[in-house]
Each structure stands twice: as C-alpha cells, then as structure tokens.
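Working notes, beginning with the structure itself.
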Amino acid sequence: MRTERGWWQRGMAVVLAGALVFVMLASAQGQNVTTVTLWSWTPDAPFMKKMVAAFEKDHPSIHIETTIQPSSTYWTALKAAAGSNSLPDIVGLSAGSNTQIYRPFLQSLNGMAAQFWGADWQSKFPPVAIRQMQLGNPAGDHNDYILPQETEVLNLWYNTAIFSKLHLTFPRDITQLVRDVQIIRKAGYVPFYQGGASANFTWWTFMEIANQFDPATMLAAQEGKPVWTQPSMLHAMQVWKQLFASGVYQQGALADFQYPTGANLFAGGRVAMMLLGSWWLQETMSPPPLPPAVQNFTFAIAPFPAMTSGGHPSPYIGGIDFGWGMTKAAAARQDAAAQVLKSLISGPMEQESLNSLDDLPAFAGMKPTIPLSPHLMSLYQQYINLLPHTQSHQIGNPDVAQALVTAMQSVAAGKLDPTTALKQVNSVAVAQQSK
Amino acid sequence: MSQARLGEEGRRSPAPRARWNRGRFGPPWEAFWYIVPALVVLSAFTLYPVFGNLWLSFYRYTFAGATFLGLAQYGALSRDPVFWLSLGNSLFWVVGTLVAQFAIGYVLAVLIEDHLPVGVQVFRTLFFLPMVITPTVIALVFNALLSPDYGGVYGVWLHVLPGVPFPTIFGNPNVATPAVIAVSVWQSTGFFMLLYVAGLSQIPQETREAAYLDGATTWGLNRYVYIPMLRPTHVTLLLLGTIQALQQFALIYLITDMGPANATQILGTYVFHQGFILNNLGYAAAVSIVLFVLSLVLVLVELKLAGGRFTIGGARVES
C-alpha cells in the first residue's frame, strides 16, 4: 500500500514537472509570436476563424486575435474603444461616415497599398470602390483610410418558382409591376417586400428610383450638395409614395425589417421579390436543412423596374461592402499588421472569405475556388461583370441619410407631402455643409 | 406638549454624543471611512458619468477634438421637433404604462388571491412569464403576429373577417406608440401583479372578515381596505414603473426602430439615435441631461406625493 502511494506520488511529480517544462517552452516560443488585434462585425465568426487559420498557417510568427460582434453592438464598442484610446490594430469599417469618425486614429494606407500592389494599385479595384474610399475626406485630404476587402451590388432578387407558377415574367416597368403584384398577392404571396424600418434599404430604394431620372443629381446629393429639392428628386419621392399608394409594397412595410424578417420570408418562399444584393448568394452556405427555395436556389437577379411606362430600369448601385482601417496603435507591429491587411484584401484570408460566398471581391482577379452549381456560377459572374459599372450606394453624411429616411417614411405614411419632406432633407444638407 | 417633546429630545440628544465621547465607536468622523468604498463606486459609476455628460453637452465632440458651444446645443434642442416629439412620447410612456399596469396588475392580483378556487400558482406563473422573456424574442413574436400581409393574426383575420382590411399597427405613425406601449404592458404587468399579490398576502384575514361582518361589498373591500392598505406597494410600483418607462429602449428599437418617421422615438432612444447613429455625441449628451432632469423631477414629485413611504423587498421605508 505504502509502495503504491509512493509510486503514485512520484508519477504525479513527473507529470507536474513535465507540464511546467511544457508551459515554459510554450511561453518562450510565444515570445517570438507577434499578436495583431482585429475587430469587425463581418465576416461571421466561424468564417473569420477559417480565415485566421489560413493566414496563421503561412505566417506562424503572427497570431491574429479577433473580436467579431454583431453590427448592432460592434459600432458601439468601437466608439467606446476610440473614446478610451484602446482601439485594436485593424478595424472593420464601411466607407463614408463610419471611416471618417475614426480618421484621427487611422493611418493613411496609400503608401502601403502601393507597396503591396504597385504604383497602379488603384486599377486593381472597381472605380466605385476607389470613389467611396475617400468619401467624406476633408477638402485637400487625398489619403485613403480604408482599403476594401469586399464589394456589393444591389438589385432586386425574385423567386422564379413563384413567377413560373403564376405564368409571369419579371416586370419591366411600373405598369406591369402594379398588375403583377395584384396577381401575386391574390395567390397568397407577399409580392414585393419592403423593409421600410431598415434605414439603409430605404435610402437605397430612393437611389434606385432617383437614378432612373437624374443620376448626376443623385450623386451630387450623396456627396453632400443640397440638391434635394431638384425636380428629379421630387419625381423620385412622388414615385416612392405611389409604390405605397398603389399597393406594390406590403401594407405594414413601414414597420417591417429587411433583416431578419424579410430575408427569412424570402428564403422561405413566401415573398416574390425584394431588394437585396450580391451577398444573397451566401444563403446557399447556411447550415442545413435549407428551405427548398434556397436548396434549389430558385432565385434570379433583375434591376429595379422602370418607374415610367416604357422607361429604362435603374442602373445598378453598389460599392464597398466592408473594408479595413489600420490604427496608429498598430505602428508598434507595423510589419505584422501590414501582412494581415494584405492577406485580408488579396491573400488567403480573402480567398477563405470568398469561398464562403460572403460577397464580391474588391481586388481584381480573385474568385471562389469551391465548386459552384452552373446557376450560382452564372449569377456570380453576372455580378462581377456588373461591378465596374455600378453607381455609388453611399450617402456621405449620416444626418442627411437619416433625414432622407425620415422624409421617406413621413411621405409613405401620409404625414408629409413630397415637396415639404424634401425641403426638410435639403435644410439638413445645408446645415451639414456649414458644419 | 411640544415643550415636553422638546424636553424629551433634549434629554435624549446628549446620549449619543456621550457614547462617541467615550470612544465606544471611535470619533464621529470615523464613521465616514466606512462609506468611502460606496462613495468611490458611486462617484466612478454615477457622479462621474453624470457630470461628464453635462460637460459633454456644452461641446461639439468628435474624436478629432471638442469645440466649446456653451448652451447652443440646448438652444438647438428647443428648436428640434423630434426632441419635443420624444419628450411627449416619454411622458405618454410614463402615464400609459403606469395606468395600464396599475389597473391590470391590481385586478389580476385580487382575482388570483381572492376569487380563484384552484391553480393560483399556475396563473401567477403564467402572468409573470413574459417578464423573463428577452425583448428580442418579444419583438420578433409581436412583429410576426401583427404584421399585415403575413402575420399570424392576419391569417386568422382573413378567415373570421374576410374582405375587411387588416389594420396597420406598428407601421402606422398614429398608433405605433400606443401599440408598443401595449406590448410593454403585456410584458411588465406580471411584475405589478406579483407585488400586489405580496401586498395582499400581508393583509390579515381578520381584517377581511371584519370588513365583511360590517357589510362590505367586494367594491367596498377594495375601495376602503385593500387600496389604502396597499399604499406602500402603490408607491413602490409608481417609482419602479416610472423609471422603467423612462428607461425603455429595447422594445422600441427592436419593434419599430423608432419609426415610422420618428413616431415612436422617446428620449432614451433619441440619445442613442443622436449619439450612436448620427455621431452627435454632444447633442446626445444634452438630450440625456434633459432625460436625467425629467427622471429626477418625476421621482421627487412622486416621493413627495407619497409622503416618502414605500416598500423595498417587503420592508417599509420612511424617508
């Protein structure tokens, strides 16, 4: 008995000593590893984990510590971190105001981009992304504080199974749209789902309409010019009102959200068409069981129909989905952080992201390397072809964007007429110009 | 009489001093050391944010720097229609939720305690259950139920009232706020009921029997026995209900996103909207100071009206 206890004690001592040596070795090895911190709301944590694994496999001396949060909490956390000067090395950003807020903390990335991809690096990104990278910069500041990882194209998606079942083709103009909507609704489907409570989808809808009449004025308004009372803008607002009055949008649209409600209904085969974008392809990568409409992917893309009989449909809009900024705090680990940034945009990390069909690549020449069905591949290729021709989907100033959403909701609810509503947006644009 | 009282107090007052002087509890100032930890926590997590917010409200603040504006942001508030709408909605929330929760909570408590022959525990649990459901789930469920075109209630409506249009509820700016208040009342009434049940259980059975012997009807029992005797519970619920109504955020954010067209905006959501959506941190601070003052005034008025008597965890407090 005594001998047995002695043997057990000796065994434990050896195990503990071994563990101690292991910990010491591991910590000694850890001292040679540089840790780069990265925060974002996208790509989703499981995909980001794969991306990090892909990077760390090639760079064993760099460890990426990621914090991925839902967008609702991410921007709040980022603001708090900026306020306490504790931002991570690399931050996920969207173009425009969300980059501008953090500009005092961010490094200019122009030199780094030239070092990565050569002096003509801008030619490797779509024109719309290049334009959005400096959106909101003060006059004379030509630095890029964000480099885009992925881009997006917005469009109407429609369920071909519903259209085929009802012997309909996708509407080309407002006349056909109003007629088809009635048929679709009678058949028990939501014809054209609009998440009127989702701010960005609301202003994107306005852009879709206004771009049909005067894209130059719309672009000027997006870039901060107080041109919201121009006739083309008024026309767009009147069309928006008409879409509600004629029953194109569902009755409770003003309280409905594009995500998660609308997207779930669309994936479930209960909605005939809605405004989404290139990211919708990722639905096929959701964990099983997938709804039949997604499993068979009975979806197709189309432009926003012409809002005048016999007119032209909307040009596609889009731009940067998300990108990355590098904080001044990363200067202490500049080389390691730069390697991570490059990989996120044009290296293995972006490749992993593309293989999850997260969205479209910003960097030219990259594409998913996983097997895709011919239908999915064709849709993907359509998007890649559309990307260089898309018009910007960003409004530079958040106050103006919010004023537009409020105006649109007021008009749809019948609380304001289009002229008064647009005057209110314009007065916000004027006030923001003088700030 | 008053002199006698003064005399008594006069006789009593030296006693504590004598105890201090004897050193039984140390010198008088020593007691303050015991509250230092609480003061530190209070200063760090309550006083500092309040004064920090007040400071911020005088500045236009960005991460690039702060510009002193003095009272300009308060002046801008007075001209901001959304601020006034939010203020009105906040007061509507306080009145609307309190009236409904008091009435329904009290009636449910009396019905359960006095009139339910069986299943008291089951009903108490059922009515309290919404309190423990996260607002995210509640928002999703109510949106899915009440949405025209695809909602669950809409489906039933089609069968029961074919041809009659289903009303727009959360998407109608005229009814959106009362509708979200109704959801909040549904969620929180169980708490009011539970506190009333606790209060009713403190009333001795003999009191009820005496009232009945004196010929009290059900109405009389409630009017002259229950309601006066539950006064500390009323006050507690008044304070908690007011604070809860002014702090409301999640349901509004999740059900309507403060829309349509700001129709459901209240001061709490407007602080978030200005600070975190529009990045106007100084302006958001000014709104939050107004909210702070409003809360303070309402609670002080309520305490004054209640004569400072309320209950905390069943214990009566005289302030």
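Please note that chains go A, B, ... in the order of the structure tokens, that every chain numbers its residues from 1, and that ligands are numbered from 1 in the order shown.
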> If you count only C-alpha atoms, which residues fall within 10 Å of Tyr226 (chain B), apart from same-chain ones fewer than 6 positions away, as a PyMOL selection string?
Replying inline: chain B and resi 110+196+199-200+203+207-208+219-220
>> Residues near region 185-194 of chain B, anyone? I mean within 7 Å using only C-alpha atoms, not counting same-chain ones fewer than 6 positions away, as a ChimeraX atom specification.
In response: /B:97,100-102,104-106,108-109,127-128,130-131,237
>> Env of region 138-155 of chain B: 7 Å cut, atoms = only C-alpha atoms, seq-sep filter 3 positions within chain, self excluded. Answer as JSON, numbers by chain.
In response: {"A": [190, 250, 251, 252], "B": [133, 134, 135, 158, 159, 166, 168, 251, 254, 255]}
Contacts of chain A with chain B up to 8 Å, shortest pair per row, only C-alpha atoms, as a Markdown table:
```
| residue | atom | partner | partner_atom | distance |
| --- | --- | --- | --- | --- |
| A:Trp75 | CA | B:Phe276 | CA | 7.7 |
| A:Thr76 | CA | B:Phe276 | CA | 6.6 |
| A:Ala82 | CA | B:Phe63 | CA | 7.5 |
| A:Gly83 | CA | B:Phe63 | CA | 7.2 |
| A:Ile101 | CA | B:Phe63 | CA | 6.9 |
| A:Tyr102 | CA | B:Phe63 | CA | 6.9 |
| A:Arg103 | CA | B:Ala64 | CA | 7.9 |
| A:Pro104 | CA | B:Ala64 | CA | 5.5 |
| A:Val190 | CA | B:Asp149 | CA | 6.6 |
| A:Ala197 | CA | B:Asp257 | CA | 6.3 |
| A:Ser198 | CA | B:Asp257 | CA | 7.9 |
| A:Gln250 | CA | B:Asp149 | CA | 6.3 |
| A:Gln251 | CA | B:Pro148 | CA | 5.9 |
| A:Gly252 | CA | B:Gly171 | CA | 5.2 |
| A:Ala253 | CA | B:Gly171 | CA | 6.6 |
| A:Leu254 | CA | B:Gly171 | CA | 4.6 |
| A:Ala255 | CA | B:Gly171 | CA | 4.3 |
| A:Asp256 | CA | B:Gly171 | CA | 7.6 |
| A:Pro398 | CA | B:Leu278 | CA | 5.6 |
| A:Asp399 | CA | B:Leu278 | CA | 5.8 |
| A:Gln402 | CA | B:Leu278 | CA | 7.9 |
| A:Val405 | CA | B:Ala261 | CA | 7.6 |
| A:Thr406 | CA | B:Ala261 | CA | 4.5 |
| A:Ala407 | CA | B:Ala261 | CA | 7.0 |
| A:Met408 | CA | B:Ala261 | CA | 7.9 |
| A:Gln409 | CA | B:Ala261 | CA | 5.1 |
| A:Ser410 | CA | B:Ala261 | CA | 5.3 |
| A:Ala413 | CA | B:Asn172 | CA | 6.8 |
```
Identify, on the basis of only C-alpha atoms, every residue whose closest approach to Gln212 (chain A) does not exceed 8 Å; exclude the query and any residue fewer than 3 positions from it along the same chain; express the result as a PDB file with N, CA and C atoms, in the first residue's frame.
```pdb
ATOM      1  N   GLU A 208     -32.293  53.975 -56.133  1.00  0.00           N
ATOM      2  CA  GLU A 208     -32.715  53.172 -57.293  1.00  0.00           C
ATOM      3  C   GLU A 208     -33.687  53.977 -58.156  1.00  0.00           C
ATOM      4  N   ILE A 209     -34.635  54.640 -57.487  1.00  0.00           N
ATOM      5  CA  ILE A 209     -35.649  55.385 -58.235  1.00  0.00           C
ATOM      6  C   ILE A 209     -35.034  56.654 -58.847  1.00  0.00           C
ATOM      7  N   PRO A 215     -29.166  60.609 -62.509  1.00  0.00           N
ATOM      8  CA  PRO A 215     -28.123  60.040 -61.647  1.00  0.00           C
ATOM      9  C   PRO A 215     -27.094  61.070 -61.190  1.00  0.00           C
ATOM     10  N   ALA A 306     -38.466  49.960 -64.454  1.00  0.00           N
ATOM     11  CA  ALA A 306     -38.651  51.369 -64.837  1.00  0.00           C
ATOM     12  C   ALA A 306     -39.891  51.921 -64.154  1.00  0.00           C
ATOM     13  N   MET A 307     -39.752  53.102 -63.587  1.00  0.00           N
ATOM     14  CA  MET A 307     -40.877  53.691 -62.864  1.00  0.00           C
ATOM     15  C   MET A 307     -41.752  54.580 -63.749  1.00  0.00           C
ATOM     16  N   HIS A 312     -36.614  53.140 -68.729  1.00  0.00           N
ATOM     17  CA  HIS A 312     -35.481  52.238 -68.504  1.00  0.00           C
ATOM     18  C   HIS A 312     -35.412  51.833 -67.041  1.00  0.00           C
ATOM     19  N   PRO A 313     -35.035  50.592 -66.790  1.00  0.00           N
ATOM     20  CA  PRO A 313     -34.858  50.199 -65.386  1.00  0.00           C
ATOM     21  C   PRO A 313     -33.667  50.915 -64.761  1.00  0.00           C
ATOM     22  N   SER A 314     -33.554  50.799 -63.430  1.00  0.00           N
ATOM     23  CA  SER A 314     -32.479  51.519 -62.717  1.00  0.00           C
ATOM     24  C   SER A 314     -31.119  50.954 -63.068  1.00  0.00           C
ATOM     25  N   PRO A 315     -30.115  51.833 -63.131  1.00  0.00           N
ATOM     26  CA  PRO A 315     -28.752  51.303 -63.201  1.00  0.00           C
ATOM     27  C   PRO A 315     -28.439  50.637 -61.862  1.00  0.00           C
TER      28      PRO A 315
END
```
>> Just the number, please: distance in Å from CA of Ile384 (chain A) to CA of Gln351 (chain A), one decimal.
In response: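 Separation between CA of Ile384 (chain A) and CA of Gln351 (chain A): 15.6 Å.
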> If you run DSSP on this backbone, which residues of region 38-272 of chain B come out as strand (DSSP E or B), and could you give them as number ranges by chain?
Replying inline: B: 59-62, 65-68
Store the residues picked out above, limited to C-alpha atoms, as a compact mmCIF listing (two decimals), in the first residue's frame.
```txt
# COMPACT_ATOMS: atom_id res chain seq x y z
CA TYR B 59 -19.25 70.78 -26.64
CA ARG B 60 -19.40 69.53 -30.20
CA TYR B 61 -17.32 66.43 -29.66
CA THR B 62 -15.57 64.32 -32.27
CA GLY B 65 -11.33 67.26 -30.80
CA ALA B 66 -14.01 69.19 -28.92
CA THR B 67 -15.40 72.64 -29.73
CA PHE B 68 -16.99 74.64 -26.92
```
Would you kindly return, as a PDB file with N, CA and C atoms, in the first residue's frame, each protein, DNA or RNA residue with an atom no farther than 8 Å from any atom of Lys124 (chain A), considering only C-alpha atoms and excluding same-chain residues fewer than 4 positions away?
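The resulting file, selection37.pdb, is shown below:
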```
ATOM      1  N   ASP A 120       0.292  51.378 -59.600  1.00  0.00           N
ATOM      2  CA  ASP A 120      -1.035  51.476 -60.225  1.00  0.00           C
ATOM      3  C   ASP A 120      -2.072  50.652 -59.453  1.00  0.00           C
ATOM      4  N   PHE A 363     -10.714  43.172 -54.786  1.00  0.00           N
ATOM      5  CA  PHE A 363      -9.452  43.076 -55.515  1.00  0.00           C
ATOM      6  C   PHE A 363      -9.659  42.263 -56.794  1.00  0.00           C
ATOM      7  N   ALA A 364      -9.245  42.840 -57.917  1.00  0.00           N
ATOM      8  CA  ALA A 364      -9.496  42.219 -59.219  1.00  0.00           C
ATOM      9  C   ALA A 364      -8.827  40.854 -59.332  1.00  0.00           C
TER      10      ALA A 364
END
```
> Using the chain letters and numbers from this document, which residues of region 117-193 of chain B does DSSP assign to alpha helix (DSSP H), as an NGL selection string?
Replying inline: :B and (120-128 or 135-146 or 152-160 or 176-193)
Go ahead and save the residues from that selection, with N, CA and C atoms, as a compact mmCIF listing (two decimals), in the first residue's frame.
```
# COMPACT_ATOMS: atom_id res chain seq x y z
N VAL B 120 -53.83 28.77 -8.40
CA VAL B 120 -53.27 30.09 -8.09
C VAL B 120 -51.82 30.19 -8.56
N GLN B 121 -51.03 29.17 -8.22
CA GLN B 121 -49.61 29.19 -8.60
C GLN B 121 -49.44 29.22 -10.12
N VAL B 122 -50.28 28.43 -10.78
CA VAL B 122 -50.17 28.34 -12.25
C VAL B 122 -50.43 29.71 -12.88
N PHE B 123 -51.50 30.38 -12.43
CA PHE B 123 -51.83 31.67 -13.03
C PHE B 123 -50.79 32.75 -12.69
N ARG B 124 -50.30 32.72 -11.42
CA ARG B 124 -49.25 33.66 -11.05
C ARG B 124 -48.05 33.50 -12.00
N THR B 125 -47.67 32.24 -12.23
CA THR B 125 -46.52 31.96 -13.10
C THR B 125 -46.80 32.41 -14.53
N LEU B 126 -48.00 32.08 -15.00
CA LEU B 126 -48.34 32.42 -16.39
C LEU B 126 -48.28 33.92 -16.63
N PHE B 127 -48.86 34.68 -15.69
CA PHE B 127 -48.88 36.13 -15.88
C PHE B 127 -47.50 36.75 -15.70
N PHE B 128 -46.64 36.10 -14.92
CA PHE B 128 -45.30 36.65 -14.69
C PHE B 128 -44.33 36.25 -15.80
N PRO B 135 -36.53 40.84 -24.62
CA PRO B 135 -37.24 41.74 -25.55
C PRO B 135 -37.05 41.37 -27.02
N THR B 136 -35.90 40.78 -27.36
CA THR B 136 -35.66 40.39 -28.76
C THR B 136 -36.73 39.40 -29.21
N VAL B 137 -36.99 38.42 -28.37
CA VAL B 137 -37.99 37.40 -28.73
C VAL B 137 -39.37 38.04 -28.79
N ILE B 138 -39.65 38.88 -27.81
CA ILE B 138 -40.98 39.53 -27.78
C ILE B 138 -41.18 40.35 -29.05
N ALA B 139 -40.16 41.10 -29.45
CA ALA B 139 -40.28 41.94 -30.65
C ALA B 139 -40.53 41.08 -31.89
N LEU B 140 -39.77 40.00 -32.01
CA LEU B 140 -39.94 39.14 -33.18
C LEU B 140 -41.34 38.53 -33.21
N VAL B 141 -41.80 38.09 -32.03
CA VAL B 141 -43.11 37.42 -31.96
C VAL B 141 -44.23 38.42 -32.30
N PHE B 142 -44.18 39.61 -31.69
CA PHE B 142 -45.26 40.57 -31.96
C PHE B 142 -45.24 41.08 -33.39
N ASN B 143 -44.04 41.26 -33.94
CA ASN B 143 -43.97 41.65 -35.35
C ASN B 143 -44.56 40.57 -36.24
N ALA B 144 -44.20 39.32 -35.93
CA ALA B 144 -44.70 38.20 -36.74
C ALA B 144 -46.21 38.04 -36.57
N LEU B 145 -46.73 38.35 -35.39
CA LEU B 145 -48.17 38.19 -35.17
C LEU B 145 -48.98 39.29 -35.82
N LEU B 146 -48.52 40.54 -35.67
CA LEU B 146 -49.37 41.68 -36.02
C LEU B 146 -49.10 42.28 -37.39
N GLY B 152 -49.44 36.30 -38.14
CA GLY B 152 -50.29 35.21 -37.66
C GLY B 152 -51.72 35.65 -37.41
N VAL B 153 -51.88 36.84 -36.80
CA VAL B 153 -53.23 37.34 -36.53
C VAL B 153 -53.94 37.67 -37.84
N TYR B 154 -53.17 38.14 -38.80
CA TYR B 154 -53.73 38.46 -40.13
C TYR B 154 -54.35 37.20 -40.76
N GLY B 155 -53.68 36.07 -40.57
CA GLY B 155 -54.20 34.81 -41.11
C GLY B 155 -55.55 34.47 -40.52
N VAL B 156 -55.68 34.65 -39.20
CA VAL B 156 -56.96 34.37 -38.53
C VAL B 156 -58.00 35.38 -39.00
N TRP B 157 -57.60 36.62 -39.08
CA TRP B 157 -58.49 37.72 -39.52
C TRP B 157 -59.12 37.41 -40.88
N LEU B 158 -58.30 36.90 -41.79
CA LEU B 158 -58.79 36.59 -43.14
C LEU B 158 -59.96 35.61 -43.09
N HIS B 159 -59.88 34.67 -42.14
CA HIS B 159 -60.94 33.68 -42.04
C HIS B 159 -62.17 34.22 -41.31
N VAL B 160 -61.91 35.01 -40.27
CA VAL B 160 -63.02 35.50 -39.45
C VAL B 160 -63.71 36.69 -40.10
N ALA B 176 -48.55 53.59 -33.59
CA ALA B 176 -47.35 52.79 -33.30
C ALA B 176 -46.94 52.90 -31.83
N THR B 177 -46.95 54.13 -31.28
CA THR B 177 -46.52 54.28 -29.88
C THR B 177 -47.47 53.57 -28.92
N PRO B 178 -48.80 53.80 -29.01
CA PRO B 178 -49.68 53.03 -28.12
C PRO B 178 -49.51 51.51 -28.30
N ALA B 179 -49.22 51.08 -29.52
CA ALA B 179 -49.07 49.64 -29.77
C ALA B 179 -47.83 49.09 -29.06
N VAL B 180 -46.72 49.83 -29.13
CA VAL B 180 -45.51 49.35 -28.44
C VAL B 180 -45.71 49.43 -26.93
N ILE B 181 -46.42 50.46 -26.47
CA ILE B 181 -46.73 50.55 -25.03
C ILE B 181 -47.54 49.32 -24.61
N ALA B 182 -48.49 48.91 -25.45
CA ALA B 182 -49.32 47.74 -25.12
C ALA B 182 -48.44 46.49 -24.97
N VAL B 183 -47.44 46.37 -25.83
CA VAL B 183 -46.54 45.22 -25.74
C VAL B 183 -45.76 45.28 -24.42
N SER B 184 -45.31 46.48 -24.07
CA SER B 184 -44.56 46.65 -22.82
C SER B 184 -45.45 46.33 -21.62
N VAL B 185 -46.71 46.77 -21.68
CA VAL B 185 -47.65 46.49 -20.59
C VAL B 185 -47.86 44.98 -20.48
N TRP B 186 -48.03 44.32 -21.61
CA TRP B 186 -48.18 42.86 -21.61
C TRP B 186 -46.98 42.21 -20.93
N GLN B 187 -45.79 42.75 -21.20
CA GLN B 187 -44.59 42.13 -20.63
C GLN B 187 -44.46 42.40 -19.13
N SER B 188 -44.81 43.60 -18.69
CA SER B 188 -44.46 44.02 -17.32
C SER B 188 -45.58 43.91 -16.31
N THR B 189 -46.81 43.70 -16.76
CA THR B 189 -47.93 43.68 -15.81
C THR B 189 -47.76 42.57 -14.77
N GLY B 190 -47.16 41.47 -15.17
CA GLY B 190 -46.96 40.36 -14.24
C GLY B 190 -46.17 40.78 -13.01
N PHE B 191 -45.24 41.71 -13.21
CA PHE B 191 -44.44 42.20 -12.08
C PHE B 191 -45.32 43.00 -11.11
N PHE B 192 -46.18 43.85 -11.67
CA PHE B 192 -47.10 44.63 -10.84
C PHE B 192 -48.03 43.67 -10.08
N MET B 193 -48.53 42.66 -10.81
CA MET B 193 -49.42 41.68 -10.18
C MET B 193 -48.71 40.99 -9.00
```
>> Using only C-alpha atoms for the distances, tell me which of A:Thr419, A:Lys367, A:Ile64, A:Gly140 is nearest to Lys50 (chain A).
In response: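 Between A:Thr419, A:Lys367, A:Ile64, A:Gly140, the residue approaching Lys50 (chain A) most closely is A:Ile64.
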>> List as a list in words the protein and nucleic acid residues near Asp89 (chain A), meaning an atom at most 8 Å away when only C-alpha atoms are counted, but skip any in the same chain fewer than 6 places from it.
In response: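 Contacts, in chain order: Val36, Thr37, Leu38, Met326, Thr327, Lys328, Ala329, Ala330 and Ala337 of chain A.
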> Which residues, written as an MDAnalysis selection string, have at least one atom at most 7 Å from Tyr189 (chain A), with only C-alpha atoms counted and residues fewer than 4 positions away on the same chain left out?
Replying inline: chainID A and resid 184:185 270:272
> Expressed in Å to a single decimal, how great is the separation between CA of Lys304 (chain B) and CA of Gly241 (chain B)?
Replying inline: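 Those two atoms sit 16.3 Å apart.
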